[in-house]
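A.B. asks: Here you go, one structure.
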Amino acid sequence: MHGGDAVSRTEQDRETVFFCVPGTLVRESILLRGGHVVDPSMNLDAQLDVRMHGEVVSAVGTLAADATEHVIDVTGMIVAPGFIDVHVHLREPGQEWKETIATGTAAAAAGGFTTIFCMPNTEPALDSVVQLEELKRRTDRDAVVSVRPIAAISEGRRGDTPVDYRALAAVGAVGFSDDGESTADSSVMRQALAASRELALPVMVHCEDPTLTGGAMHEGYTSHALKIQGLPALAEESIINRDIGLAALSGGWLHACHVSTGRGADLIARAKSNGVRVTAEVMPHHMTMTDKWVGGRRDIEHEQGSDGEHFGAADQDTKVNPPLRTTGDMLRLREALRAGLIDVIATDHAPHARHEKKGRSFMTAAFGLSGSEFALPLLLSLVRAGELTLREVVRGLCTTPARLWGLNVGTLRPGSPADVVVFDPAETWTPHLKGTVSRGINTPLLDTELHGRTKLAFVGGDERYRDW
Ligand SMILES: [Zn+2]
């Protein structure tokens, strides 16, 4: 148990309600009783009860059930603020065969995410006020979790003409990104970063040198063994380096998406220590899988890697951009997250139809993994292996993103919106071809036994996911 005022008071007085909004101990409340509450925003890591009243969390402590309230015994489960995924591809509008707002947000809820930021590489791209308003109309109708849009950096994501950053911020954009590729024109990036300074919103960059593309997996020993054209780590590192320089020049907020290389993490760490406004995210797959997975390796927790092993045919469901890297990169990313040098854990949920992955050769298959439903079990594998603590996982999944973006969620502090997730860290389950909530079943984890499953997810006190 970690210290903190709240916890020690619980130990002294088993009947004390120590976080409470006055006057809310009445009807229409739900008591989550007996769970292990993990909330770094309140320094909580202990067995406690959580009461939700209407749309808000009303109390956290050792609580006596009110006669009228609905009590759910969550003993043995973890209770945390609902997760926030700052990197999701919802595919709607324009590519609804891959995913829709309805299925993508349902998959998010199934993964424990109660707020998601959606990337603008839809068709049309989210590059105008009209497009953001249309998206809002659709999410108001179909979304089961909170959706915040990321607008494009450039018109049509073509990289040449900046969008109207101020107008897009005014209608709810939480950042700007041409994700899918880098903005090659440094002057456009500089303008975006200058606007980001003024608007206090990040430019969220996919870091990949557009002249070093063409490969399909990490360039290294395994790509040579499999005779597949590689994507060098340098492609990521050189653009991280450029964009850090532009952030320093403009004073803007640079957010490096899906950092996958150890050197990329090092560059971000150094920029932070130099006072550059840079934040970064890492994906569960880059912390648990390596390029050897492309050739058939499937060991989540004890990746050691040995050159010279036999590889099978390249698996299209491991093809992702940035690609799965080396064991050394993977270990360095875990270390950077633990140290807070990488700030946020996000999924890069990138659903595709089966025919766009398994129906094609490895070279021509689409890049991307379905991520929403698999993030939690992958992260819990790292907790079981002693690589991350639950607090570090929850910090990366909600406390830090809420703080960076100034959201009023990501905390169980009474009075906050009741965005809450309950998960069983031990439950085993096996994803199958027909069993996912997302339309995207593009994951190398199919038919693999996973540990850890979302049991309940509440958004503003409304139950949006149940597996009970
Ligand atoms: Zn990307």
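In the structure tokens, chains take the letters A, B, ... in the order shown, each chain's residues start at 1, and ligands count up from 1 in the order shown.
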For the contact check between chain A and ligand 1, emit one row per residue of chain A within 12 Å, containing the shortest atom pair and the distance in Å rounded to one decimal, counting only C-alpha atoms and all ligand atoms, chain then rising number order, as JSON lines.
C.D. replies:
{"residue": "A:Val86", "atom": "CA", "partner": "ligand 1", "partner_atom_place_in_ligand_line": "1 (Zn)", "distance": 11.9}
{"residue": "A:His87", "atom": "CA", "partner": "ligand 1", "partner_atom_place_in_ligand_line": "1 (Zn)", "distance": 8.6}
{"residue": "A:Val88", "atom": "CA", "partner": "ligand 1", "partner_atom_place_in_ligand_line": "1 (Zn)", "distance": 9.9}
{"residue": "A:His89", "atom": "CA", "partner": "ligand 1", "partner_atom_place_in_ligand_line": "1 (Zn)", "distance": 9.7}
{"residue": "A:Cys118", "atom": "CA", "partner": "ligand 1", "partner_atom_place_in_ligand_line": "1 (Zn)", "distance": 12.0}
{"residue": "A:Met119", "atom": "CA", "partner": "ligand 1", "partner_atom_place_in_ligand_line": "1 (Zn)", "distance": 9.1}
{"residue": "A:Pro120", "atom": "CA", "partner": "ligand 1", "partner_atom_place_in_ligand_line": "1 (Zn)", "distance": 11.0}
{"residue": "A:Asn121", "atom": "CA", "partner": "ligand 1", "partner_atom_place_in_ligand_line": "1 (Zn)", "distance": 9.9}
{"residue": "A:Ser177", "atom": "CA", "partner": "ligand 1", "partner_atom_place_in_ligand_line": "1 (Zn)", "distance": 9.1}
{"residue": "A:Asp178", "atom": "CA", "partner": "ligand 1", "partner_atom_place_in_ligand_line": "1 (Zn)", "distance": 8.3}
{"residue": "A:Asp179", "atom": "CA", "partner": "ligand 1", "partner_atom_place_in_ligand_line": "1 (Zn)", "distance": 4.6}
{"residue": "A:Gly180", "atom": "CA", "partner": "ligand 1", "partner_atom_place_in_ligand_line": "1 (Zn)", "distance": 4.5}
{"residue": "A:Glu181", "atom": "CA", "partner": "ligand 1", "partner_atom_place_in_ligand_line": "1 (Zn)", "distance": 6.4}
{"residue": "A:Ser182", "atom": "CA", "partner": "ligand 1", "partner_atom_place_in_ligand_line": "1 (Zn)", "distance": 8.4}
{"residue": "A:Thr183", "atom": "CA", "partner": "ligand 1", "partner_atom_place_in_ligand_line": "1 (Zn)", "distance": 11.5}
{"residue": "A:Met204", "atom": "CA", "partner": "ligand 1", "partner_atom_place_in_ligand_line": "1 (Zn)", "distance": 9.3}
{"residue": "A:Val205", "atom": "CA", "partner": "ligand 1", "partner_atom_place_in_ligand_line": "1 (Zn)", "distance": 7.5}
{"residue": "A:His206", "atom": "CA", "partner": "ligand 1", "partner_atom_place_in_ligand_line": "1 (Zn)", "distance": 4.6}
{"residue": "A:Cys207", "atom": "CA", "partner": "ligand 1", "partner_atom_place_in_ligand_line": "1 (Zn)", "distance": 7.5}
{"residue": "A:Glu208", "atom": "CA", "partner": "ligand 1", "partner_atom_place_in_ligand_line": "1 (Zn)", "distance": 8.6}
{"residue": "A:Glu236", "atom": "CA", "partner": "ligand 1", "partner_atom_place_in_ligand_line": "1 (Zn)", "distance": 10.6}
{"residue": "A:His255", "atom": "CA", "partner": "ligand 1", "partner_atom_place_in_ligand_line": "1 (Zn)", "distance": 11.9}
{"residue": "A:Ala256", "atom": "CA", "partner": "ligand 1", "partner_atom_place_in_ligand_line": "1 (Zn)", "distance": 9.6}
{"residue": "A:Cys257", "atom": "CA", "partner": "ligand 1", "partner_atom_place_in_ligand_line": "1 (Zn)", "distance": 6.5}
{"residue": "A:His258", "atom": "CA", "partner": "ligand 1", "partner_atom_place_in_ligand_line": "1 (Zn)", "distance": 6.6}
{"residue": "A:Val259", "atom": "CA", "partner": "ligand 1", "partner_atom_place_in_ligand_line": "1 (Zn)", "distance": 9.4}
{"residue": "A:Ser260", "atom": "CA", "partner": "ligand 1", "partner_atom_place_in_ligand_line": "1 (Zn)", "distance": 10.7}
{"residue": "A:Glu281", "atom": "CA", "partner": "ligand 1", "partner_atom_place_in_ligand_line": "1 (Zn)", "distance": 11.0}
{"residue": "A:Val282", "atom": "CA", "partner": "ligand 1", "partner_atom_place_in_ligand_line": "1 (Zn)", "distance": 11.2}
{"residue": "A:Met283", "atom": "CA", "partner": "ligand 1", "partner_atom_place_in_ligand_line": "1 (Zn)", "distance": 10.9}
{"residue": "A:Val320", "atom": "CA", "partner": "ligand 1", "partner_atom_place_in_ligand_line": "1 (Zn)", "distance": 9.2}
{"residue": "A:Asn321", "atom": "CA", "partner": "ligand 1", "partner_atom_place_in_ligand_line": "1 (Zn)", "distance": 6.5}
{"residue": "A:Pro322", "atom": "CA", "partner": "ligand 1", "partner_atom_place_in_ligand_line": "1 (Zn)", "distance": 6.9}
{"residue": "A:Pro323", "atom": "CA", "partner": "ligand 1", "partner_atom_place_in_ligand_line": "1 (Zn)", "distance": 10.3}
{"residue": "A:Ala346", "atom": "CA", "partner": "ligand 1", "partner_atom_place_in_ligand_line": "1 (Zn)", "distance": 11.4}
{"residue": "A:Thr347", "atom": "CA", "partner": "ligand 1", "partner_atom_place_in_ligand_line": "1 (Zn)", "distance": 10.6}
{"residue": "A:Asp348", "atom": "CA", "partner": "ligand 1", "partner_atom_place_in_ligand_line": "1 (Zn)", "distance": 7.2}
{"residue": "A:His349", "atom": "CA", "partner": "ligand 1", "partner_atom_place_in_ligand_line": "1 (Zn)", "distance": 10.1}
{"residue": "A:Ala350", "atom": "CA", "partner": "ligand 1", "partner_atom_place_in_ligand_line": "1 (Zn)", "distance": 9.4}
{"residue": "A:Phe367", "atom": "CA", "partner": "ligand 1", "partner_atom_place_in_ligand_line": "1 (Zn)", "distance": 9.7}
{"residue": "A:Gly368", "atom": "CA", "partner": "ligand 1", "partner_atom_place_in_ligand_line": "1 (Zn)", "distance": 9.0}
{"residue": "A:Leu369", "atom": "CA", "partner": "ligand 1", "partner_atom_place_in_ligand_line": "1 (Zn)", "distance": 11.3}
A.B. asks: Quick one: residues within 7 Å of A:Val38, only C-alpha atoms counted, chain neighbours fewer than 3 positions away excluded, as a PDB file with C-alpha atoms, in the first residue's frame?
C.D. replies:
ATOM      1  CA  LEU A  44      -4.943   5.744  -3.731  1.00  0.00           C
ATOM      2  CA  ASP A  45      -3.796   2.144  -3.984  1.00  0.00           C
ATOM      3  CA  ALA A  46      -5.882   0.206  -1.469  1.00  0.00           C
ATOM      4  CA  ILE A  78      -9.363  -3.334  -9.651  1.00  0.00           C
ATOM      5  CA  VAL A  79     -11.352  -0.096  -9.697  1.00  0.00           C
ATOM      6  CA  ALA A  80      -9.743   2.831 -11.516  1.00  0.00           C
ATOM      7  CA  ARG A 391      -0.047   2.599 -10.547  1.00  0.00           C
TER       8      ARG A 391
END
A.B. asks: Excluding stretch 184-195 of chain A and any residue of its chain fewer than 6 positions from it, enumerate the residues within 6 Å of it, using only C-alpha atoms, and give them as an NGL selection string.
C.D. replies: :A and (246 or 250 or 252)
A.B. asks: Which residues, written as an mmCIF file with N, CA and C atoms, in the first residue's frame, have at least one atom at most 7 Å from stretch 407-424 of chain A, with only C-alpha atoms counted and residues fewer than 6 positions away on the same chain left out?
C.D. replies:
data_model
loop_
_atom_site.group_PDB
_atom_site.id
_atom_site.type_symbol
_atom_site.label_atom_id
_atom_site.label_comp_id
_atom_site.auth_asym_id
_atom_site.auth_seq_id
_atom_site.Cartn_x
_atom_site.Cartn_y
_atom_site.Cartn_z
ATOM 1 N N PHE A 19 -13.742 10.961 1.482
ATOM 2 C CA PHE A 19 -13.870 11.847 0.322
ATOM 3 C C PHE A 19 -15.346 11.866 -0.009
ATOM 4 N N CYS A 20 -15.973 12.973 0.095
ATOM 5 C CA CYS A 20 -17.423 12.980 -0.074
ATOM 6 C C CYS A 20 -17.899 14.343 -0.527
ATOM 7 N N VAL A 21 -18.820 14.330 -1.467
ATOM 8 C CA VAL A 21 -19.478 15.577 -1.834
ATOM 9 C C VAL A 21 -20.670 15.716 -0.904
ATOM 10 N N ASP A 39 -5.798 4.891 -8.028
ATOM 11 C CA ASP A 39 -5.983 6.219 -8.612
ATOM 12 C C ASP A 39 -4.815 7.112 -8.215
ATOM 13 N N SER A 41 -4.068 9.972 -9.091
ATOM 14 C CA SER A 41 -4.409 11.397 -8.912
ATOM 15 C C SER A 41 -4.749 11.699 -7.459
ATOM 16 N N MET A 42 -5.175 10.671 -6.710
ATOM 17 C CA MET A 42 -5.495 10.858 -5.295
ATOM 18 C C MET A 42 -4.567 10.035 -4.405
ATOM 19 N N MET A 52 -20.920 6.083 -6.747
ATOM 20 C CA MET A 52 -21.271 6.990 -7.848
ATOM 21 C C MET A 52 -22.700 7.439 -7.603
ATOM 22 N N GLU A 55 -24.346 11.439 -12.073
ATOM 23 C CA GLU A 55 -23.281 11.516 -13.070
ATOM 24 C C GLU A 55 -21.892 11.633 -12.475
ATOM 25 N N VAL A 56 -21.805 11.710 -11.136
ATOM 26 C CA VAL A 56 -20.491 11.976 -10.546
ATOM 27 C C VAL A 56 -20.085 10.904 -9.537
ATOM 28 N N VAL A 57 -18.790 10.852 -9.277
ATOM 29 C CA VAL A 57 -18.290 10.082 -8.141
ATOM 30 C C VAL A 57 -18.631 10.913 -6.904
ATOM 31 N N SER A 58 -19.260 10.285 -5.918
ATOM 32 C CA SER A 58 -19.665 11.086 -4.756
ATOM 33 C C SER A 58 -18.834 10.769 -3.525
ATOM 34 N N ALA A 59 -18.258 9.573 -3.448
ATOM 35 C CA ALA A 59 -17.459 9.258 -2.257
ATOM 36 C C ALA A 59 -16.514 8.107 -2.549
ATOM 37 N N MET A 77 -11.391 -7.294 -7.663
ATOM 38 C CA MET A 77 -11.230 -6.527 -8.910
ATOM 39 C C MET A 77 -10.461 -5.238 -8.640
ATOM 40 N N ILE A 78 -9.993 -4.650 -9.725
ATOM 41 C CA ILE A 78 -9.363 -3.334 -9.651
ATOM 42 C C ILE A 78 -10.398 -2.292 -10.089
ATOM 43 N N VAL A 79 -10.483 -1.221 -9.331
ATOM 44 C CA VAL A 79 -11.352 -0.096 -9.697
ATOM 45 C C VAL A 79 -10.446 1.102 -9.977
ATOM 46 N N ALA A 80 -10.617 1.716 -11.124
ATOM 47 C CA ALA A 80 -9.743 2.831 -11.516
ATOM 48 C C ALA A 80 -10.570 3.868 -12.277
ATOM 49 N N PRO A 81 -10.047 5.063 -12.409
ATOM 50 C CA PRO A 81 -10.709 6.019 -13.305
ATOM 51 C C PRO A 81 -10.742 5.423 -14.715
ATOM 52 N N GLY A 82 -11.810 5.701 -15.462
ATOM 53 C CA GLY A 82 -11.878 5.203 -16.830
ATOM 54 C C GLY A 82 -10.663 5.647 -17.613
ATOM 55 N N PHE A 83 -10.171 4.754 -18.468
ATOM 56 C CA PHE A 83 -8.946 5.046 -19.211
ATOM 57 C C PHE A 83 -9.224 6.067 -20.328
ATOM 58 N N GLY A 112 -11.929 -0.737 -21.419
ATOM 59 C CA GLY A 112 -11.821 0.071 -20.202
ATOM 60 C C GLY A 112 -11.642 1.554 -20.469
ATOM 61 N N THR A 114 -12.904 5.189 -21.405
ATOM 62 C CA THR A 114 -14.147 5.960 -21.327
ATOM 63 C C THR A 114 -14.045 7.299 -22.055
ATOM 64 N N CYS A 398 -4.560 7.124 -17.711
ATOM 65 C CA CYS A 398 -5.560 8.176 -17.457
ATOM 66 C C CYS A 398 -5.057 9.377 -16.668
ATOM 67 N N THR A 399 -4.270 9.176 -15.617
ATOM 68 C CA THR A 399 -3.904 10.336 -14.798
ATOM 69 C C THR A 399 -3.138 11.371 -15.619
ATOM 70 N N GLY A 452 -6.639 -10.794 -17.748
ATOM 71 C CA GLY A 452 -7.097 -9.447 -17.444
ATOM 72 C C GLY A 452 -8.221 -9.029 -18.365
ATOM 73 N N ARG A 453 -9.333 -8.634 -17.762
ATOM 74 C CA ARG A 453 -10.506 -8.340 -18.582
ATOM 75 C C ARG A 453 -11.342 -7.254 -17.923
ATOM 76 N N THR A 454 -11.817 -6.333 -18.730
ATOM 77 C CA THR A 454 -12.743 -5.307 -18.239
ATOM 78 C C THR A 454 -14.052 -5.981 -17.840
ATOM 79 N N LYS A 455 -14.571 -5.603 -16.670
ATOM 80 C CA LYS A 455 -15.851 -6.163 -16.215
ATOM 81 C C LYS A 455 -16.973 -5.134 -16.318
ATOM 82 N N LEU A 456 -16.653 -3.890 -15.993
ATOM 83 C CA LEU A 456 -17.656 -2.820 -16.031
ATOM 84 C C LEU A 456 -16.964 -1.532 -16.474
ATOM 85 N N ALA A 457 -17.671 -0.748 -17.254
ATOM 86 C CA ALA A 457 -17.169 0.596 -17.577
ATOM 87 C C ALA A 457 -18.343 1.563 -17.498
ATOM 88 N N PHE A 458 -18.146 2.637 -16.761
ATOM 89 C CA PHE A 458 -19.174 3.666 -16.596
ATOM 90 C C PHE A 458 -18.684 4.970 -17.219
ATOM 91 N N VAL A 459 -19.568 5.632 -17.926
ATOM 92 C CA VAL A 459 -19.265 6.961 -18.468
ATOM 93 C C VAL A 459 -20.297 7.922 -17.887
ATOM 94 N N GLY A 460 -19.843 8.870 -17.104
ATOM 95 C CA GLY A 460 -20.774 9.797 -16.447
ATOM 96 C C GLY A 460 -21.825 9.062 -15.632
ATOM 97 N N GLY A 461 -21.422 7.971 -14.993
ATOM 98 C CA GLY A 461 -22.332 7.191 -14.156
ATOM 99 C C GLY A 461 -23.188 6.192 -14.909
#
A.B. asks: Which of stretch 167-238 of chain A counts as strand (DSSP E) under DSSP, as JSON, numbers by chain please?
C.D. replies: {"A": [203, 204, 205, 217, 218, 230, 231]}
A.B. asks: What is the distance between atom CA of A:Gly295 and atom CA of A:Trp97, in Å to one decimal?
C.D. replies: 28.1 Å
A.B. asks: Out of A:Leu135, A:Leu333, A:Ala173, A:Leu90, which residue has the shortest atom-to-atom distance to A:Gly371 when counting only C-alpha atoms?
C.D. replies: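 Distance minimum relative to A:Gly371 lands on A:Leu90.
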A.B. asks: Report the distance between atom CA of A:Val276 and atom CA of A:Ala248 in Å, rounded to one decimal place.
C.D. replies: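 Computing the Euclidean distance for atom CA of A:Val276 and atom CA of A:Ala248 yields 5.5 Å.
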A.B. asks: Might you pull out every residue within 7 Å of A:Gly396, with only C-alpha atoms counted and same-chain residues fewer than 5 positions away left off, and present them as a ChimeraX atom specification?
C.D. replies: /A:343-345
A.B. asks: Pick the closest to A:Pro149 from A:Leu388, A:Val171, A:Phe117, A:Thr122: which is it, counting only C-alpha atoms?
C.D. replies: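 Distance minimum relative to A:Pro149 lands on A:Phe117.
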A.B. asks: Can you work out which one of A:Pro232, A:Pro284, A:Gly54, A:Gly245 has the shortest atom-to-atom distance to A:Ile268, counting only C-alpha atoms?
C.D. replies: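 Comparing A:Pro232, A:Pro284, A:Gly54, A:Gly245 against A:Ile268, the winner is A:Gly245.
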A.B. asks: From the set A:Asp315, A:Glu449, A:Glu392, A:Asp49, which residue has the shortest atom-to-atom contact distance to A:Ala365, counting only C-alpha atoms?
C.D. replies: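 Nearest to A:Ala365: A:Asp315.
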A.B. asks: I need the residues of stretch 293-436 of chain A that end up classed as alpha helix (DSSP H) by DSSP on the backbone, written out as an MDAnalysis selection string.
C.D. replies: chainID A and resid 327:338 354:357 375:384 390:394 400:405
A.B. asks: Could you tell me how far atom CA of A:Val394 lies from atom CA of A:Thr327, in Å and to one decimal?
C.D. replies: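 Computed distance, atom CA of A:Val394 to atom CA of A:Thr327, equals 23.9 Å.
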A.B. asks: Quick one: which stretch 109-131 of chain A residues come within 7 Å of stretch 154-168 of chain A, and what is the nearest atom pair for each with the distance in Å to one decimal, counting only C-alpha atoms, rows ordered by chain and ascending number, as CSV?
C.D. replies:
residue,atom,partner,partner_atom,distance
A:Ala125,CA,A:Gly156,CA,5.6
A:Asp127,CA,A:Glu155,CA,5.7
A:Ser128,CA,A:Leu168,CA,6.6
A:Val129,CA,A:Leu168,CA,5.7
